[in-house]
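Chemist: To be precise about what I am sending: the file is called target.cif and holds mmCIF, C-alpha atoms.
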```
data_upload
#
loop_
_atom_site.group_PDB
_atom_site.id
_atom_site.type_symbol
_atom_site.label_atom_id
_atom_site.label_comp_id
_atom_site.auth_asym_id
_atom_site.auth_seq_id
_atom_site.Cartn_x
_atom_site.Cartn_y
_atom_site.Cartn_z
ATOM 1 C CA MET A 1 0.040 13.496 27.437
ATOM 2 C CA THR A 2 -2.801 13.790 24.913
ATOM 3 C CA GLU A 3 -1.878 12.616 21.431
ATOM 4 C CA THR A 4 -2.471 14.865 18.425
ATOM 5 C CA PRO A 5 -5.871 14.257 16.814
ATOM 6 C CA LEU A 6 -5.893 12.660 13.362
ATOM 7 C CA THR A 7 -7.503 14.467 10.423
ATOM 8 C CA PRO A 8 -9.925 12.551 8.172
ATOM 9 C CA LEU A 9 -8.560 11.742 4.727
ATOM 10 C CA PRO A 10 -10.416 13.334 1.814
ATOM 11 C CA GLU A 11 -12.718 11.002 -0.087
ATOM 12 C CA ASP A 12 -13.540 13.199 -3.091
ATOM 13 C CA TRP A 13 -11.565 11.000 -5.470
ATOM 14 C CA HIS A 14 -12.433 8.128 -7.780
ATOM 15 C CA ARG A 15 -9.365 5.962 -8.494
ATOM 16 C CA ALA A 16 -6.490 4.808 -6.264
ATOM 17 C CA LEU A 17 -3.428 2.764 -7.082
ATOM 18 C CA VAL A 18 -1.907 0.704 -4.278
ATOM 19 C CA VAL A 19 1.811 -0.042 -4.720
ATOM 20 C CA VAL A 20 3.473 -2.185 -2.052
ATOM 21 C CA ALA A 21 6.415 -4.549 -1.874
ATOM 22 C CA HIS A 22 4.752 -7.801 -0.803
ATOM 23 C CA PRO A 23 1.500 -9.699 -0.551
ATOM 24 C CA ASP A 24 0.158 -8.997 2.989
ATOM 25 C CA ASP A 25 1.651 -5.472 3.262
ATOM 26 C CA MET A 26 -1.713 -3.686 2.999
ATOM 27 C CA GLU A 27 -3.476 -6.282 5.083
ATOM 28 C CA PHE A 28 -1.556 -5.477 8.245
ATOM 29 C CA GLY A 29 -3.739 -2.458 8.991
ATOM 30 C CA ALA A 30 -4.983 -0.735 5.816
ATOM 31 C CA ALA A 31 -7.210 -3.246 4.015
ATOM 32 C CA ALA A 32 -10.289 -2.170 5.982
ATOM 33 C CA ALA A 33 -9.846 1.324 4.540
ATOM 34 C CA VAL A 34 -9.752 -0.167 1.044
ATOM 35 C CA ALA A 35 -12.981 -2.041 1.794
ATOM 36 C CA ARG A 36 -14.585 1.262 2.831
ATOM 37 C CA TRP A 37 -13.546 2.921 -0.407
ATOM 38 C CA THR A 38 -14.589 0.122 -2.735
ATOM 39 C CA GLY A 39 -17.899 0.092 -0.878
ATOM 40 C CA GLN A 40 -18.296 3.742 -1.870
ATOM 41 C CA GLY A 41 -17.876 2.767 -5.509
ATOM 42 C CA LYS A 42 -14.280 3.904 -5.835
ATOM 43 C CA GLU A 43 -11.861 1.974 -8.032
ATOM 44 C CA VAL A 44 -8.776 0.567 -6.295
ATOM 45 C CA VAL A 45 -6.040 -1.278 -8.193
ATOM 46 C CA TYR A 46 -3.218 -3.212 -6.512
ATOM 47 C CA CYS A 47 0.337 -3.495 -7.802
ATOM 48 C CA LEU A 48 2.648 -5.852 -5.905
ATOM 49 C CA VAL A 49 6.294 -5.175 -6.652
ATOM 50 C CA THR A 50 7.348 -8.705 -5.641
ATOM 51 C CA SER A 51 5.452 -11.935 -5.149
ATOM 52 C CA GLY A 52 6.712 -12.374 -1.591
ATOM 53 C CA GLU A 53 8.503 -15.541 -2.626
ATOM 54 C CA ALA A 54 11.240 -15.172 0.000
ATOM 55 C CA GLY A 55 8.793 -14.647 2.840
ATOM 56 C CA ILE A 56 8.173 -18.219 4.043
ATOM 57 C CA ASP A 57 11.244 -19.942 5.423
ATOM 58 C CA GLY A 58 9.830 -23.450 5.072
ATOM 59 C CA ILE A 59 8.636 -23.128 1.443
ATOM 60 C CA ASP A 60 10.917 -22.863 -1.569
ATOM 61 C CA PRO A 61 10.518 -19.513 -3.392
ATOM 62 C CA GLN A 62 9.414 -21.234 -6.601
ATOM 63 C CA ARG A 63 6.401 -22.611 -4.748
ATOM 64 C CA ALA A 64 5.912 -19.720 -2.347
ATOM 65 C CA GLY A 65 5.592 -17.062 -5.067
ATOM 66 C CA PRO A 66 2.513 -18.490 -6.827
ATOM 67 C CA LEU A 67 0.988 -19.431 -3.464
ATOM 68 C CA ARG A 68 1.347 -15.920 -2.111
ATOM 69 C CA GLU A 69 0.018 -14.397 -5.317
ATOM 70 C CA ALA A 70 -3.102 -16.560 -4.988
ATOM 71 C CA GLU A 71 -3.515 -15.520 -1.353
ATOM 72 C CA GLN A 72 -3.206 -11.861 -2.334
ATOM 73 C CA ARG A 73 -5.848 -12.180 -5.014
ATOM 74 C CA GLU A 74 -8.226 -13.742 -2.504
ATOM 75 C CA SER A 75 -7.377 -11.060 0.035
ATOM 76 C CA CYS A 76 -8.188 -8.404 -2.557
ATOM 77 C CA ARG A 77 -11.452 -10.092 -3.464
ATOM 78 C CA VAL A 78 -12.532 -9.841 0.182
ATOM 79 C CA VAL A 79 -12.160 -6.040 0.143
ATOM 80 C CA GLY A 80 -13.650 -5.492 -3.307
ATOM 81 C CA VAL A 81 -10.486 -5.119 -5.389
ATOM 82 C CA GLU A 82 -10.685 -6.769 -8.800
ATOM 83 C CA GLN A 83 -7.445 -5.649 -10.482
ATOM 84 C CA VAL A 84 -4.231 -7.091 -9.029
ATOM 85 C CA GLU A 85 -0.896 -7.175 -10.829
ATOM 86 C CA PHE A 86 2.599 -8.320 -9.924
ATOM 87 C CA LEU A 87 5.866 -6.846 -11.194
ATOM 88 C CA HIS A 88 7.790 -9.999 -10.216
ATOM 89 C CA LEU A 89 10.880 -8.175 -8.958
ATOM 90 C CA PRO A 90 13.024 -10.226 -6.542
ATOM 91 C CA ASP A 91 11.708 -10.401 -3.000
ATOM 92 C CA GLY A 92 14.017 -9.342 -0.184
ATOM 93 C CA VAL A 93 16.528 -7.426 -2.292
ATOM 94 C CA LEU A 94 14.574 -4.523 -3.772
ATOM 95 C CA GLU A 95 16.755 -1.510 -4.437
ATOM 96 C CA TYR A 96 15.523 2.057 -4.414
ATOM 97 C CA GLY A 97 16.634 3.836 -7.563
ATOM 98 C CA VAL A 98 15.842 4.821 -11.114
ATOM 99 C CA ALA A 99 15.053 1.289 -12.289
ATOM 100 C CA LEU A 100 12.350 0.815 -9.646
ATOM 101 C CA ARG A 101 10.967 4.309 -10.203
ATOM 102 C CA ARG A 102 10.711 3.508 -13.927
ATOM 103 C CA ARG A 103 8.673 0.354 -13.324
ATOM 104 C CA ILE A 104 6.278 2.063 -10.943
ATOM 105 C CA ALA A 105 5.913 5.195 -13.089
ATOM 106 C CA GLU A 106 4.800 2.941 -15.939
ATOM 107 C CA VAL A 107 2.083 1.481 -13.713
ATOM 108 C CA VAL A 108 0.961 4.966 -12.653
ATOM 109 C CA ARG A 109 0.760 6.094 -16.281
ATOM 110 C CA ARG A 110 -1.319 3.052 -17.204
ATOM 111 C CA HIS A 111 -3.822 3.304 -14.354
ATOM 112 C CA ARG A 112 -3.979 7.125 -14.022
ATOM 113 C CA PRO A 113 -4.922 7.272 -10.332
ATOM 114 C CA ASP A 114 -6.025 10.258 -8.295
ATOM 115 C CA VAL A 115 -4.173 8.899 -5.265
ATOM 116 C CA VAL A 116 -1.255 6.482 -4.873
ATOM 117 C CA ILE A 117 -1.235 4.409 -1.686
ATOM 118 C CA THR A 118 1.832 2.654 -0.359
ATOM 119 C CA ASN A 119 3.119 1.227 2.913
ATOM 120 C CA ASN A 120 5.137 2.925 5.633
ATOM 121 C CA PHE A 121 8.617 3.669 4.287
ATOM 122 C CA ARG A 122 10.081 5.338 7.354
ATOM 123 C CA ASP A 123 13.034 3.634 9.054
ATOM 124 C CA THR A 124 10.850 2.308 11.873
ATOM 125 C CA TRP A 125 7.213 1.417 12.569
ATOM 126 C CA ASP A 126 7.013 3.366 15.819
ATOM 127 C CA GLY A 127 9.329 6.295 15.251
ATOM 128 C CA ALA A 128 11.788 4.750 17.687
ATOM 129 C CA VAL A 129 13.095 1.179 17.735
ATOM 130 C CA ASN A 130 10.915 -1.247 15.741
ATOM 131 C CA LEU A 131 12.794 -1.383 12.454
ATOM 132 C CA ASN A 132 11.039 -1.400 9.110
ATOM 133 C CA GLN A 133 12.005 -3.856 6.373
ATOM 134 C CA ALA A 134 14.247 -2.858 3.467
ATOM 135 C CA ASP A 135 11.777 -3.763 0.699
ATOM 136 C CA HIS A 136 9.059 -1.621 2.296
ATOM 137 C CA ILE A 137 11.401 1.354 2.400
ATOM 138 C CA ALA A 138 12.583 0.924 -1.190
ATOM 139 C CA ALA A 139 9.102 0.377 -2.650
ATOM 140 C CA GLY A 140 7.542 3.232 -0.694
ATOM 141 C CA ARG A 141 10.205 5.770 -1.561
ATOM 142 C CA ALA A 142 10.136 4.724 -5.203
ATOM 143 C CA SER A 143 6.333 4.993 -5.285
ATOM 144 C CA LEU A 144 6.497 8.550 -3.961
ATOM 145 C CA ASP A 145 9.020 9.599 -6.583
ATOM 146 C CA ALA A 146 7.397 7.630 -9.404
ATOM 147 C CA ALA A 147 4.078 9.351 -8.754
ATOM 148 C CA ARG A 148 5.818 12.607 -9.677
ATOM 149 C CA ASP A 149 7.924 11.063 -12.449
ATOM 150 C CA ALA A 150 4.737 9.896 -14.166
ATOM 151 C CA GLY A 151 3.681 13.481 -14.836
ATOM 152 C CA ASN A 152 6.897 14.547 -16.550
ATOM 153 C CA ARG A 153 7.067 13.542 -20.209
ATOM 154 C CA TRP A 154 10.855 13.939 -20.212
ATOM 155 C CA VAL A 155 11.327 11.395 -17.414
ATOM 156 C CA PHE A 156 11.212 7.860 -18.838
ATOM 157 C CA PRO A 157 10.271 9.302 -22.260
ATOM 158 C CA GLU A 158 10.398 5.842 -23.848
ATOM 159 C CA GLN A 159 7.097 5.134 -22.091
ATOM 160 C CA VAL A 160 5.521 8.198 -23.663
ATOM 161 C CA GLU A 161 6.918 7.234 -27.059
ATOM 162 C CA ALA A 162 5.318 3.806 -26.600
ATOM 163 C CA GLY A 163 1.909 5.421 -26.127
ATOM 164 C CA LEU A 164 1.644 6.035 -22.363
ATOM 165 C CA ALA A 165 0.670 9.651 -21.866
ATOM 166 C CA PRO A 166 2.158 11.528 -18.904
ATOM 167 C CA TRP A 167 -0.113 11.536 -15.853
ATOM 168 C CA PRO A 168 0.422 14.687 -13.750
ATOM 169 C CA ASP A 169 -2.821 14.342 -11.792
ATOM 170 C CA VAL A 170 -1.789 12.213 -8.801
ATOM 171 C CA ARG A 171 -2.902 14.439 -5.957
ATOM 172 C CA ALA A 172 -0.973 12.774 -3.163
ATOM 173 C CA VAL A 173 0.792 9.641 -1.991
ATOM 174 C CA TRP A 174 -0.591 8.100 1.201
ATOM 175 C CA ALA A 175 1.649 5.864 3.308
ATOM 176 C CA ALA A 176 -0.262 3.441 5.523
ATOM 177 C CA ALA A 177 0.745 2.793 9.130
ATOM 178 C CA SER A 178 3.525 5.375 9.122
ATOM 179 C CA PRO A 179 4.804 6.664 12.486
ATOM 180 C CA GLY A 180 4.437 10.118 10.918
ATOM 181 C CA ALA A 181 0.725 9.652 10.204
ATOM 182 C CA ARG A 182 -1.488 12.654 10.829
ATOM 183 C CA HIS A 183 -4.545 11.430 8.926
ATOM 184 C CA ALA A 184 -6.965 8.564 9.406
ATOM 185 C CA VAL A 185 -9.936 6.734 7.928
ATOM 186 C CA ASP A 186 -12.883 5.506 9.990
ATOM 187 C CA VAL A 187 -12.995 1.744 9.360
ATOM 188 C CA THR A 188 -15.516 0.789 12.027
ATOM 189 C CA ALA A 189 -18.014 -0.494 9.468
ATOM 190 C CA THR A 190 -15.454 -2.397 7.353
ATOM 191 C CA PHE A 191 -13.082 -3.663 10.033
ATOM 192 C CA GLU A 192 -14.214 -7.284 9.730
ATOM 193 C CA ALA A 193 -13.463 -7.286 6.009
ATOM 194 C CA GLY A 194 -9.959 -6.094 6.838
ATOM 195 C CA VAL A 195 -9.516 -8.953 9.290
ATOM 196 C CA GLU A 196 -10.701 -11.515 6.752
ATOM 197 C CA SER A 197 -8.351 -10.086 4.146
ATOM 198 C CA LEU A 198 -5.412 -10.686 6.494
ATOM 199 C CA ARG A 199 -6.644 -14.193 7.299
ATOM 200 C CA ALA A 200 -6.555 -14.936 3.571
ATOM 201 C CA HIS A 201 -2.749 -14.983 3.836
ATOM 202 C CA ARG A 202 -3.002 -18.331 5.561
ATOM 203 C CA ALA A 203 0.247 -19.917 4.375
ATOM 204 C CA TYR A 204 2.235 -16.788 5.123
ATOM 205 C CA LEU A 205 0.837 -16.405 8.635
ATOM 206 C CA GLU A 206 1.492 -20.073 9.372
ATOM 207 C CA GLY A 207 5.005 -19.696 8.008
ATOM 208 C CA LEU A 208 5.784 -16.855 10.394
ATOM 209 C CA GLY A 209 5.488 -19.276 13.303
ATOM 210 C CA TRP A 210 3.856 -16.725 15.579
ATOM 211 C CA ALA A 211 2.263 -18.779 18.335
ATOM 212 C CA ASP A 212 -1.388 -17.950 18.953
ATOM 213 C CA PHE A 213 -1.388 -15.038 16.486
ATOM 214 C CA ASP A 214 -4.928 -13.651 16.236
ATOM 215 C CA PRO A 215 -5.474 -11.338 13.230
ATOM 216 C CA ASP A 216 -8.580 -9.806 14.811
ATOM 217 C CA ALA A 217 -6.855 -8.984 18.085
ATOM 218 C CA PHE A 218 -3.735 -7.698 16.354
ATOM 219 C CA LEU A 219 -5.597 -5.387 13.989
ATOM 220 C CA ARG A 220 -8.162 -4.287 16.577
ATOM 221 C CA GLU A 221 -5.503 -3.048 18.991
ATOM 222 C CA GLY A 222 -4.007 -0.708 16.426
ATOM 223 C CA ALA A 223 -7.371 0.351 15.026
ATOM 224 C CA ARG A 224 -8.689 1.255 18.477
ATOM 225 C CA ALA A 225 -5.645 3.378 19.232
ATOM 226 C CA ALA A 226 -6.034 5.174 15.911
ATOM 227 C CA GLY A 227 -9.766 5.537 16.427
ATOM 228 C CA ALA A 228 -9.219 7.256 19.761
ATOM 229 C CA ARG A 229 -7.280 9.954 17.907
ATOM 230 C CA ALA A 230 -9.685 10.106 14.978
ATOM 231 C CA GLY A 231 -13.002 10.346 16.804
ATOM 232 C CA ALA A 232 -14.050 6.873 15.677
ATOM 233 C CA GLU A 233 -14.323 3.440 17.208
ATOM 234 C CA LEU A 234 -11.767 1.982 14.779
ATOM 235 C CA ALA A 235 -9.502 3.694 12.265
ATOM 236 C CA SER A 236 -6.550 3.189 9.908
ATOM 237 C CA THR A 237 -3.745 5.755 9.792
ATOM 238 C CA PHE A 238 -1.884 7.324 6.862
ATOM 239 C CA GLU A 239 0.917 9.795 6.316
ATOM 240 C CA VAL A 240 0.049 12.182 3.482
ATOM 241 C CA PHE A 241 2.597 13.421 0.941
ATOM 242 C CA PRO A 242 0.884 16.054 -1.244
ATOM 243 C CA LEU A 243 2.215 16.322 -4.786
ATOM 244 C CA ARG A 244 0.619 19.649 -5.593
ATOM 245 C CA TRP A 245 2.602 22.786 -4.828
ATOM 246 C CA GLY A 246 1.434 24.315 -1.570
ATOM 247 C CA GLY A 247 0.371 21.033 -0.020
ATOM 248 C CA GLY A 248 -3.119 20.021 0.939
ATOM 249 C CA ASP A 249 -4.511 16.724 2.158
ATOM 250 C CA GLY A 250 -4.579 15.138 -1.255
#
```
For this file, write the structure as structure tokens.

Modeler:
Amino acid sequence: MTETPLTPLPEDWHRALVVVAHPDDMEFGAAAAVARWTGQGKEVVYCLVTSGEAGIDGIDPQRAGPLREAEQRESCRVVGVEQVEFLHLPDGVLEYGVALRRRIAEVVRRHRPDVVITNNFRDTWDGAVNLNQADHIAAGRASLDAARDAGNRWVFPEQVEAGLAPWPDVRAVWAAASPGARHAVDVTATFEAGVESLRAHRAYLEGLGWADFDPDAFLREGARAAGARAGAELASTFEVFPLRWGGGDG
């Protein structure tokens, strides 16, 4: 059976805010798209909700957090991202709710993006059996809601009173690597940068204990499959959640 073709994402925007739970979340498939966009002169800012301090079994969180932050900064440098911030919420136990929405809405109001990008927050990675992780789900859902919260001056009004103007101009939230993706970005020209950005998470990848894990092979397999549906050699996929009434691609 022929799979549904993927529609190209719009690129008539200037500023994007990436909000994900952990260092490495964007690098498992979407960093090459970021490299494409920064190469076009777009501004991309990263906000990491946690520092990934609970992600390496053999390293104490007090050491792992700063190490993973440093790896994320290097990973961002590889794909042309200069602004990286960490909210320092506890890794592994993020909870979706008002408190998390408040923190992310504040970031949206500060950076005033055209597009908010997050990670897959569906229950699975494949729409079937490969379960997603709880932090990804919480951070993604909160990012979607916070992108709307940021435009309403009566939601988290203490931020407005402190000088952060409402920001109602987020066009859409894009969730990378979602099983519900119907859009894609051609990353053929920037694929290698995406691979190097994943390799920058050296301590994390070693800590996973995956024997013979090859970042290039892993990313290339998914990018080829997406490219076949997008009319490109290699592509990254996104599910689009329009915030404007009546929809649209973002």

Chemist: Using the chain letters and numbers from the file, give me the residues hit by the PyMOL selection byres ((chain A and resi 15) around 9), as a list in words.

Modeler: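 Residues picked by the PyMOL selection byres ((chain A and resi 15) around 9): Trp13, His14, Ala16, Leu17, Lys42, Glu43, Val44, Val45, His111, Arg112, Pro113, Asp114, Val115 and Val116 of chain A.
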
Chemist: Quote the spacing between CA of Asp135 in chain A and CA of Val93 in chain A in Å to one decimal place.

Modeler: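 CA of Val93 in chain A lies at a distance of 6.7 Å from CA of Asp135 in chain A.
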
Chemist: What gap, in Å, lies between CA of Ala181 in chain A and CA of Ala228 in chain A?

Modeler: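 Value for the CA of Ala181 in chain A-CA of Ala228 in chain A distance: 14.0 Å.
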
Chemist: Would you translate the PyMOL selection byres ((chain A and resi 32) around 6) into the concrete set of residues it matches in this file, as a PyMOL selection string?

Modeler: chain A and resi 30-31+33-35+187+190-191+194

Chemist: I'd like the contact shell of Asn119 in chain A - 12 Å cut-off, only C-alpha atoms, skipping same-chain residues fewer than 2 positions apart - returned as a count of residues only.

Modeler: 48

Chemist: Of the residues A:Pro90, A:Gly80, A:Pro215, A:Pro8, which is the one nearest to Glu53 in chain A, using all atoms listed in the file?

Modeler: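 Answer, going by the shortest atom-to-atom distance: A:Pro90.
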
Chemist: Which residues would end up in the selection if the PyMOL selection byres ((chain A and resi 71) around 8) were applied here, given that I need the answer as a tab-separated table (two decimals) with C-alpha atoms, in the coordinates of the input?

Modeler:
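Final output, result25.tsv:
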```
chain	number	residue	atom	x	y	z
A	23	PRO	CA	1.50	-9.70	-0.55
A	67	LEU	CA	0.99	-19.43	-3.46
A	68	ARG	CA	1.35	-15.92	-2.11
A	69	GLU	CA	0.02	-14.40	-5.32
A	70	ALA	CA	-3.10	-16.56	-4.99
A	72	GLN	CA	-3.21	-11.86	-2.33
A	73	ARG	CA	-5.85	-12.18	-5.01
A	74	GLU	CA	-8.23	-13.74	-2.50
A	75	SER	CA	-7.38	-11.06	0.04
A	200	ALA	CA	-6.56	-14.94	3.57
A	201	HIS	CA	-2.75	-14.98	3.84
A	202	ARG	CA	-3.00	-18.33	5.56
```

Chemist: My list of candidates is A:Arg220, A:Arg148, A:Arg101, A:Arg36. Which is closest to Val81 in chain A when distances are computed with all atoms listed in the file?

Modeler: A:Arg36

Chemist: Name the residues in contact with range 157-172 of chain A at a cut-off of 6 Å, using only C-alpha atoms, excluding same-chain residues fewer than 4 positions from it; report them as a ChimeraX atom specification.

Modeler: /A:109,114-115,150-151,153,241-243,250

Chemist: Let's have the selection written as a tab-separated table (two decimals), keeping the file's coordinate frame, with C-alpha atoms.

Modeler:
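To be explicit, this is the file written out as selection20.tsv:
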```
chain	number	residue	atom	x	y	z
A	109	ARG	CA	0.76	6.09	-16.28
A	114	ASP	CA	-6.02	10.26	-8.30
A	115	VAL	CA	-4.17	8.90	-5.26
A	150	ALA	CA	4.74	9.90	-14.17
A	151	GLY	CA	3.68	13.48	-14.84
A	153	ARG	CA	7.07	13.54	-20.21
A	241	PHE	CA	2.60	13.42	0.94
A	242	PRO	CA	0.88	16.05	-1.24
A	243	LEU	CA	2.22	16.32	-4.79
A	250	GLY	CA	-4.58	15.14	-1.25
```

Chemist: I'd like to know which of A:Ala189, A:Val155, A:Leu89, A:Leu219 is closest to Arg102 in chain A, using all atoms listed in the file.

Modeler: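 Selected residue with least distance to Arg102 in chain A: A:Val155.
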
Chemist: What lies within 12 Å of Phe213 in chain A using only C-alpha atoms, ignoring chain neighbours under 5 positions off, as a list in words?

Modeler: Leu198, Arg199, Arg202, Leu205, Glu206, Gly207, Leu208, Phe218 and Leu219 of chain A

Chemist: Starting from the sparse input, extend range 21-36 of chain A to N, CA, C and O atoms and give the output as a PDB file, in the frame of the given file.

Modeler:
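Contents of result11.pdb, as written:
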```
ATOM      1  N   ALA A  21       5.359  -3.596  -1.555  1.00  0.00           N
ATOM      2  CA  ALA A  21       6.415  -4.549  -1.874  1.00  0.00           C
ATOM      3  C   ALA A  21       5.924  -5.980  -1.933  1.00  0.00           C
ATOM      4  O   ALA A  21       6.318  -6.738  -2.825  1.00  0.00           O
ATOM      5  N   HIS A  22       5.077  -6.380  -0.972  1.00  0.00           N
ATOM      6  CA  HIS A  22       4.752  -7.801  -0.803  1.00  0.00           C
ATOM      7  C   HIS A  22       3.255  -8.056  -0.662  1.00  0.00           C
ATOM      8  O   HIS A  22       2.531  -7.199  -0.144  1.00  0.00           O
ATOM      9  N   PRO A  23       2.801  -9.250  -1.020  1.00  0.00           N
ATOM     10  CA  PRO A  23       1.500  -9.699  -0.551  1.00  0.00           C
ATOM     11  C   PRO A  23       1.495  -9.634   0.982  1.00  0.00           C
ATOM     12  O   PRO A  23       2.497  -9.975   1.609  1.00  0.00           O
ATOM     13  N   ASP A  24       0.423  -9.185   1.552  1.00  0.00           N
ATOM     14  CA  ASP A  24       0.158  -8.997   2.989  1.00  0.00           C
ATOM     15  C   ASP A  24       0.497  -7.604   3.488  1.00  0.00           C
ATOM     16  O   ASP A  24       0.079  -7.217   4.576  1.00  0.00           O
ATOM     17  N   ASP A  25       1.247  -6.778   2.737  1.00  0.00           N
ATOM     18  CA  ASP A  25       1.651  -5.472   3.262  1.00  0.00           C
ATOM     19  C   ASP A  25       0.451  -4.585   3.592  1.00  0.00           C
ATOM     20  O   ASP A  25       0.410  -3.947   4.645  1.00  0.00           O
ATOM     21  N   MET A  26      -0.534  -4.513   2.720  1.00  0.00           N
ATOM     22  CA  MET A  26      -1.713  -3.686   2.999  1.00  0.00           C
ATOM     23  C   MET A  26      -2.596  -4.288   4.072  1.00  0.00           C
ATOM     24  O   MET A  26      -3.300  -3.581   4.796  1.00  0.00           O
ATOM     25  N   GLU A  27      -2.536  -5.600   4.186  1.00  0.00           N
ATOM     26  CA  GLU A  27      -3.476  -6.282   5.083  1.00  0.00           C
ATOM     27  C   GLU A  27      -3.138  -6.093   6.556  1.00  0.00           C
ATOM     28  O   GLU A  27      -3.994  -6.283   7.416  1.00  0.00           O
ATOM     29  N   PHE A  28      -1.913  -5.719   6.853  1.00  0.00           N
ATOM     30  CA  PHE A  28      -1.556  -5.477   8.245  1.00  0.00           C
ATOM     31  C   PHE A  28      -1.944  -4.058   8.659  1.00  0.00           C
ATOM     32  O   PHE A  28      -1.124  -3.279   9.145  1.00  0.00           O
ATOM     33  N   GLY A  29      -3.228  -3.698   8.443  1.00  0.00           N
ATOM     34  CA  GLY A  29      -3.739  -2.458   8.991  1.00  0.00           C
ATOM     35  C   GLY A  29      -4.517  -1.568   8.058  1.00  0.00           C
ATOM     36  O   GLY A  29      -5.282  -0.721   8.528  1.00  0.00           O
ATOM     37  N   ALA A  30      -4.356  -1.699   6.726  1.00  0.00           N
ATOM     38  CA  ALA A  30      -4.983  -0.735   5.816  1.00  0.00           C
ATOM     39  C   ALA A  30      -6.078  -1.324   4.937  1.00  0.00           C
ATOM     40  O   ALA A  30      -6.775  -0.582   4.243  1.00  0.00           O
ATOM     41  N   ALA A  31      -6.238  -2.635   4.925  1.00  0.00           N
ATOM     42  CA  ALA A  31      -7.210  -3.246   4.015  1.00  0.00           C
ATOM     43  C   ALA A  31      -8.642  -2.839   4.341  1.00  0.00           C
ATOM     44  O   ALA A  31      -9.483  -2.739   3.439  1.00  0.00           O
ATOM     45  N   ALA A  32      -8.934  -2.596   5.613  1.00  0.00           N
ATOM     46  CA  ALA A  32     -10.289  -2.170   5.982  1.00  0.00           C
ATOM     47  C   ALA A  32     -10.621  -0.820   5.360  1.00  0.00           C
ATOM     48  O   ALA A  32     -11.784  -0.558   5.015  1.00  0.00           O
ATOM     49  N   ALA A  33      -9.619   0.042   5.213  1.00  0.00           N
ATOM     50  CA  ALA A  33      -9.846   1.324   4.540  1.00  0.00           C
ATOM     51  C   ALA A  33     -10.166   1.100   3.073  1.00  0.00           C
ATOM     52  O   ALA A  33     -11.053   1.752   2.502  1.00  0.00           O
ATOM     53  N   VAL A  34      -9.464   0.158   2.436  1.00  0.00           N
ATOM     54  CA  VAL A  34      -9.752  -0.167   1.044  1.00  0.00           C
ATOM     55  C   VAL A  34     -11.184  -0.688   0.901  1.00  0.00           C
ATOM     56  O   VAL A  34     -11.909  -0.309  -0.027  1.00  0.00           O
ATOM     57  N   ALA A  35     -11.614  -1.530   1.833  1.00  0.00           N
ATOM     58  CA  ALA A  35     -12.981  -2.041   1.794  1.00  0.00           C
ATOM     59  C   ALA A  35     -13.994  -0.900   1.908  1.00  0.00           C
ATOM     60  O   ALA A  35     -15.041  -0.919   1.238  1.00  0.00           O
ATOM     61  N   ARG A  36     -13.696   0.089   2.725  1.00  0.00           N
ATOM     62  CA  ARG A  36     -14.585   1.262   2.831  1.00  0.00           C
ATOM     63  C   ARG A  36     -14.690   1.957   1.480  1.00  0.00           C
ATOM     64  O   ARG A  36     -15.784   2.295   1.018  1.00  0.00           O
TER      65      ARG A  36
END
```
